[in-house]
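Notes follow once the structure below has been shown.
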Amino acid sequence: MKKNLLKIIISVLAIFIIGTFYVSLKKTEIYDTKNLVGTNLDNFELNSLNKNLKINQELVKKSQYTLINFWASWCAPCRAEHKYLINLKRNAKNLKLIGINFKDEKKNANKFLSEFGDPYHYSAADSEGKVSINFGVYGIPESILVNNDLKIIKKFIGPLNQEEYTSILSLTN
């Protein structure tokens with residue numbers, strides 16, 4: 001009798017475990033941040049990379065448009081997009097750039113900006129990556145275009161390219 005009860009318990013438990021795995025494998029939830037477009041930017045505050053300044057949403061409100069770029073010195077794709085950021089700073093009339101240095105050492109970030117040029121009007125440090133998560137960042141580089149009402153206009157996942165550069169210029173000029 002005890003052996004039969006033990007067999008039934010083990011069988012039910014095995015069916016439950018297999019059923020749980022089967023149901024879990026059928027889910028197709030992909031992490032997607034496209035739903036951020038059209039929403040308002042949440043409040044945030046970061047320390048400036050080099051100045052005694054707080055980088056926050058109030059700073060974003062001062063410009064007609066702001067491109068918030070998440071980058072790091074160790075990020076190879078960040079190097080590829082850097083020329084487009086430099087050109088945006090030169091050519092976009094109504095746009096300010098905020099660079100958020102993601103999980104990086106301050107000295108490495110400053111060396112990168114010194115070597116390749118500083119495209120940012122403001123630079124912030126998110127050394128632990130905690131604030132970036134609130135922006136929906138799950139890899140770098142990523143960029144978010146925001147207007148002065150703090151509305152997210154567009155999110156760019158991956159390095160900016162010529163097409164996205166042109167798109168940003170047309171949206172902001």
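Residue numbers start at 1 in each chain; chains themselves are named A, B, ... in the order of the structure tokens; ligands are numbered from 1 in the order shown.
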For this session: Write out as number ranges by chain all residues of chain A that backbone DSSP assigns to alpha helix (DSSP H).
Result: A: 2-26, 57-61, 76-91, 106-116, 130-134, 162-172
Non-local contacts of region 101-115 of chain A (6 Å; only C-alpha atoms; under 5 positions in same chain excluded) as a compact mmCIF listing (two decimals) with C-alpha atoms, in the first residue's frame:
```txt
# COMPACT_ATOMS: atom_id res chain seq x y z
CA TRP A 71 27.60 54.19 -24.05
CA ALA A 72 30.84 52.84 -22.57
CA SER A 73 34.52 52.99 -23.44
CA ALA A 125 27.89 58.39 -15.02
CA ASP A 126 25.80 55.30 -14.29
CA SER A 127 28.62 53.15 -12.97
CA GLU A 128 26.33 50.41 -11.63
CA GLY A 129 23.81 50.54 -14.48
```
Problem set entry | Å distance separating CA of Gly139 (chain A) from CA of Pro159 (chain A), one decimal place |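 We find that CA of Gly139 (chain A) and CA of Pro159 (chain A) lie 10.5 Å from each other.
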Problem set entry | Residues of chain A in strand (DSSP E or B), written as JSON, numbers by chain | {"A": [40, 45, 46, 47, 48, 54, 55, 56, 65, 66, 67, 68, 69, 70, 71, 95, 96, 97, 98, 99, 100, 101, 102, 122, 123, 124, 125, 126, 142, 143, 144, 145, 146, 147, 151, 152, 153, 154, 155, 156, 157]}
Would you write out those residues with C-alpha atoms, as a short mmCIF file (atom, residue, chain, number, x, y, z; two decimals), in the first residue's frame?
```cif
data_model
loop_
_atom_site.label_atom_id
_atom_site.label_comp_id
_atom_site.auth_asym_id
_atom_site.auth_seq_id
_atom_site.Cartn_x
_atom_site.Cartn_y
_atom_site.Cartn_z
CA ASN A 40 6.84 60.23 -20.74
CA GLU A 45 19.04 61.89 -11.47
CA LEU A 46 22.67 61.08 -12.17
CA ASN A 47 25.92 62.74 -11.27
CA SER A 48 27.80 64.45 -14.05
CA LYS A 54 23.11 66.82 -11.51
CA ILE A 55 21.83 65.39 -14.78
CA ASN A 56 18.05 64.97 -14.57
CA TYR A 65 14.91 67.89 -28.20
CA THR A 66 17.39 65.73 -26.29
CA LEU A 67 19.09 62.57 -27.43
CA ILE A 68 20.08 60.45 -24.44
CA ASN A 69 22.85 58.09 -25.49
CA PHE A 70 23.99 55.13 -23.36
CA TRP A 71 27.60 54.19 -24.05
CA LEU A 95 19.08 69.04 -30.16
CA LYS A 96 21.17 68.55 -27.02
CA LEU A 97 23.02 65.31 -26.39
CA ILE A 98 23.28 63.67 -23.00
CA GLY A 99 25.75 60.83 -22.77
CA ILE A 100 25.20 58.32 -19.99
CA ASN A 101 28.34 56.34 -19.38
CA PHE A 102 27.20 52.81 -18.56
CA TYR A 122 26.23 66.85 -20.79
CA SER A 123 27.82 63.61 -19.61
CA ALA A 124 26.56 61.49 -16.74
CA ALA A 125 27.89 58.39 -15.02
CA ASP A 126 25.80 55.30 -14.29
CA GLU A 142 21.11 52.62 -27.07
CA SER A 143 19.69 56.09 -27.60
CA ILE A 144 16.39 57.72 -26.71
CA LEU A 145 15.07 60.85 -28.42
CA VAL A 146 12.95 62.98 -26.09
CA ASN A 147 11.18 66.32 -26.53
CA LYS A 151 7.78 62.57 -24.30
CA ILE A 152 9.84 59.73 -25.77
CA ILE A 153 9.74 60.20 -29.54
CA LYS A 154 11.96 57.34 -30.65
CA LYS A 155 14.25 54.68 -29.24
CA PHE A 156 17.29 53.44 -31.10
CA ILE A 157 18.64 50.03 -30.11
#
```
Exercise. Pick the closest to Asn148 (chain A) from A:Val37, A:Ser11, A:His82, A:Lys62: which is it, counting only C-alpha atoms?
Worked result: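 When distances to Asn148 (chain A) are compared using only C-alpha atoms, the smallest one comes from A:Lys62.
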